[in-house]
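Just below is one structure, and these are the notes that go with it.
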Amino acid sequence: MPELPEVETARRGLAPALRAQRILGLVVRERRLRVPLDATTEDAVAGQRILNLRRRAKYLILELERGALLLHLGMSGSLRLVTEDTPYRPHDHVELVLANGLKLRFHDPRRFGLVQWTPGPAEAHPSLSGLGPEPLAAVFDGAYLHRRAQGRRAAVKTFIMDQRIVVGVGNIYASESLHLAGIHPARAAGCIAAPGYERLATSIKTVLEHAIEQGGTTLRDFVREDGAPGYFSRALRVYGRADAPCLTCGTPIQPLRLGQRASFFCPHCQR
DNA sequence: CACAAGACCTGGCAGC
DNA sequence: TGCTGCCAGGTCTTGT
């Protein structure tokens with residue numbers, strides 16, 4: 001489950017191998033993804049050259065000569081480049097066959113992911129058109145968050161996970177960013193003052209950039225594009241550390257459920 | 001409009 | 001060992 005850093009890591013790893021490659025065909029072994037894979041997709045992409053692999057939010061955008069192929073990894077998705085004779089594993093649902101003899105395999109046990117061809121510019125696709133700014137872009141800052149939070153009574157953690165507000169902040173990095181910013185995850189978003197949002201915007205950027213540097217924090221079923229097992233992050237400071245000492249002050253980390261999602265915070269460092 | 005809750009899936013794990 | 005229930009990184013839809 002990739003949050004933004006994992007998706008960006010996959011993009012960086014895959015882009016050099018995919019760029020300028022010709023697609024011989026698309027093999028669909030399981031059409032029932034989050035959105036059923038359209039029956040015209042195979043014909044749409046066959047024979048096309050890959051121009052680039054970009055990322056928007058948690059979507060990967062495979063830019064083709066005509067249109068684009070959108071990929072989303074959902075909670076359990078992963079991508080691998082394999083050689084021709086690599087046997088299928090269970091849940092290898094879709095495979096892009098390339099002219100250089102390699103295959104890009106989309107693997108997703110829970111099938112919350114997505115593979116969709118769109119004829120127009122990817123950004124115009126309904127899945128992408130309503131998204132908020134990229135967290136690492138300059139337009140995303142404390143003033144922006146503060147302005148968008150006016151009148152909001154939802155918990156600030158839920159607020160920053162809303163993809164219309166800012167993209168790419170998932171459940172793990174939301175907890176991590178709030179800890180770094182010293183903000184209690186359950187505080188109403190509209191009741192946090194400008195300086196708090198300055199710290200939060202900075203923290204989100206720091207946490208995501210750090211995770212990208214590490215190659216993406218990964219949980220057990222993420223596999224890097226080269227097939228090496230992803231490493232479980234030892235860098236998480238609160239997520240999954242209920243009752244363990246806060247790495248800043250030693251106070252036991254508390255678990256909390258917010259909007260049905262597991263959350264973790266330090267009751268001493270976060271107010 | 002903002003918000004909460006449920007739905008979509010499978011696999012792994014703890015507990016009995 | 002085998003069952004049962006609960007949990008998991010993300011959206012999308014429905015209902016208030």
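In the structure tokens, chains take letters A, B, ... by order of appearance, with residues numbered from 1 within each chain and ligands from 1 in the order shown.
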
- Return the neighbours of chain A among the residues of chain B, cut-off 10 Å, counting only C-alpha atoms (C1' of nucleotides), as an MDAnalysis selection string. chainID B and resid 2:5 8:11

- Task: Find the residues of chain A in contact range of chain C, meaning any atom within 9 Å when counting only C-alpha atoms (C1' of nucleotides), and list them as a VMD selection string.
- Result: chain A and resid 1 to 3 34 73 to 76 112 to 113 170 to 172 218 to 219

Write the residues you've just listed into a file as a CSV table (one decimal), in the first residue's frame, and include C-alpha atoms for each of them.
```
chain,number,residue,atom,x,y,z
A,1,MET,CA,0.0,0.0,0.0
A,2,PRO,CA,1.5,2.5,-1.3
A,3,GLU,CA,1.3,6.0,-0.1
A,34,ARG,CA,-11.7,-1.6,-8.3
A,73,LEU,CA,-1.9,0.3,-6.5
A,74,GLY,CA,-4.8,0.5,-4.0
A,75,MET,CA,-3.9,-1.0,-0.7
A,76,SER,CA,-2.0,-4.1,-1.7
A,112,PHE,CA,-8.5,-2.3,-4.7
A,113,GLY,CA,-6.1,-1.1,-7.5
A,170,GLY,CA,-2.1,8.3,3.5
A,171,ASN,CA,-2.8,6.8,6.9
A,172,ILE,CA,0.8,6.1,7.9
A,218,THR,CA,7.0,-0.5,2.8
A,219,LEU,CA,4.9,-3.0,4.6
```

- Quick one: residues within 10 Å of His179 (chain A), only C-alpha atoms (C1' of nucleotides) counted, chain neighbours fewer than 4 positions away excluded, as a ChimeraX atom specification? /A:173-175,183-185,200,203,237-239,246,248,264-267,269-271

Export, as a PDB file, in the first residue's frame, the selected residues with N, CA and C atoms.
```pdb
ATOM      1  N   TYR A 173       1.617   8.186   6.926  1.00  0.00           N
ATOM      2  CA  TYR A 173       2.341   9.462   6.938  1.00  0.00           C
ATOM      3  C   TYR A 173       1.516  10.591   7.532  1.00  0.00           C
ATOM      4  N   ALA A 174       0.194  10.432   7.614  1.00  0.00           N
ATOM      5  CA  ALA A 174      -0.616  11.430   8.314  1.00  0.00           C
ATOM      6  C   ALA A 174      -0.250  11.417   9.794  1.00  0.00           C
ATOM      7  N   SER A 175      -0.186  10.232  10.389  1.00  0.00           N
ATOM      8  CA  SER A 175       0.211  10.135  11.799  1.00  0.00           C
ATOM      9  C   SER A 175       1.627  10.658  12.012  1.00  0.00           C
ATOM     10  N   ILE A 183       1.107  18.232  16.661  1.00  0.00           N
ATOM     11  CA  ILE A 183      -0.335  18.507  16.646  1.00  0.00           C
ATOM     12  C   ILE A 183      -1.109  17.225  16.923  1.00  0.00           C
ATOM     13  N   HIS A 184      -2.046  17.307  17.846  1.00  0.00           N
ATOM     14  CA  HIS A 184      -2.895  16.154  18.184  1.00  0.00           C
ATOM     15  C   HIS A 184      -3.787  15.808  16.990  1.00  0.00           C
ATOM     16  N   PRO A 185      -3.804  14.522  16.595  1.00  0.00           N
ATOM     17  CA  PRO A 185      -4.522  14.150  15.366  1.00  0.00           C
ATOM     18  C   PRO A 185      -6.030  14.374  15.426  1.00  0.00           C
ATOM     19  N   LEU A 200       2.747  22.097  10.136  1.00  0.00           N
ATOM     20  CA  LEU A 200       2.202  20.872   9.546  1.00  0.00           C
ATOM     21  C   LEU A 200       2.594  20.730   8.073  1.00  0.00           C
ATOM     22  N   SER A 203       6.132  19.766   7.945  1.00  0.00           N
ATOM     23  CA  SER A 203       6.314  18.386   8.410  1.00  0.00           C
ATOM     24  C   SER A 203       5.900  17.378   7.347  1.00  0.00           C
ATOM     25  N   ARG A 237       7.981   6.824  13.508  1.00  0.00           N
ATOM     26  CA  ARG A 237       8.168   7.272  14.890  1.00  0.00           C
ATOM     27  C   ARG A 237       6.935   7.056  15.753  1.00  0.00           C
ATOM     28  N   VAL A 238       5.752   6.976  15.146  1.00  0.00           N
ATOM     29  CA  VAL A 238       4.545   6.697  15.934  1.00  0.00           C
ATOM     30  C   VAL A 238       3.691   5.568  15.347  1.00  0.00           C
ATOM     31  N   TYR A 239       3.590   5.492  14.024  1.00  0.00           N
ATOM     32  CA  TYR A 239       2.666   4.530  13.422  1.00  0.00           C
ATOM     33  C   TYR A 239       3.011   3.096  13.840  1.00  0.00           C
ATOM     34  N   CYS A 246       7.688   7.163  23.159  1.00  0.00           N
ATOM     35  CA  CYS A 246       7.901   8.221  22.163  1.00  0.00           C
ATOM     36  C   CYS A 246       9.399   8.439  22.010  1.00  0.00           C
ATOM     37  N   THR A 248      10.890  10.952  21.116  1.00  0.00           N
ATOM     38  CA  THR A 248      11.285  12.300  21.513  1.00  0.00           C
ATOM     39  C   THR A 248      11.312  12.447  23.026  1.00  0.00           C
ATOM     40  N   PHE A 264      -2.008   7.004  15.682  1.00  0.00           N
ATOM     41  CA  PHE A 264      -1.077   6.911  16.807  1.00  0.00           C
ATOM     42  C   PHE A 264      -0.533   8.296  17.094  1.00  0.00           C
ATOM     43  N   PHE A 265      -0.384   8.594  18.405  1.00  0.00           N
ATOM     44  CA  PHE A 265       0.159   9.909  18.747  1.00  0.00           C
ATOM     45  C   PHE A 265       0.818   9.866  20.113  1.00  0.00           C
ATOM     46  N   CYS A 266       1.635  10.887  20.376  1.00  0.00           N
ATOM     47  CA  CYS A 266       2.249  11.032  21.686  1.00  0.00           C
ATOM     48  C   CYS A 266       1.468  12.084  22.472  1.00  0.00           C
ATOM     49  N   PRO A 267       0.865  11.680  23.598  1.00  0.00           N
ATOM     50  CA  PRO A 267       0.023  12.621  24.348  1.00  0.00           C
ATOM     51  C   PRO A 267       0.829  13.763  24.969  1.00  0.00           C
ATOM     52  N   CYS A 269       3.867  15.144  23.390  1.00  0.00           N
ATOM     53  CA  CYS A 269       4.412  15.999  22.321  1.00  0.00           C
ATOM     54  C   CYS A 269       3.327  16.624  21.446  1.00  0.00           C
ATOM     55  N   GLN A 270       2.161  16.020  21.412  1.00  0.00           N
ATOM     56  CA  GLN A 270       1.126  16.483  20.471  1.00  0.00           C
ATOM     57  C   GLN A 270      -0.078  17.039  21.207  1.00  0.00           C
ATOM     58  N   ARG A 271      -0.388  18.301  20.932  1.00  0.00           N
ATOM     59  CA  ARG A 271      -1.505  18.965  21.610  1.00  0.00           C
ATOM     60  C   ARG A 271      -2.534  19.466  20.618  1.00  0.00           C
TER      61      ARG A 271
END
```

- Task: Step one, run DSSP on the backbone; step two, keep only residues of region 5-239 of chain A assigned to helix (DSSP H, G or I); then write them as a ChimeraX atom specification.
- Result: /A:5-18,41-45,122-124,126-129,142-148,156-160,171-181,189-191,194-213
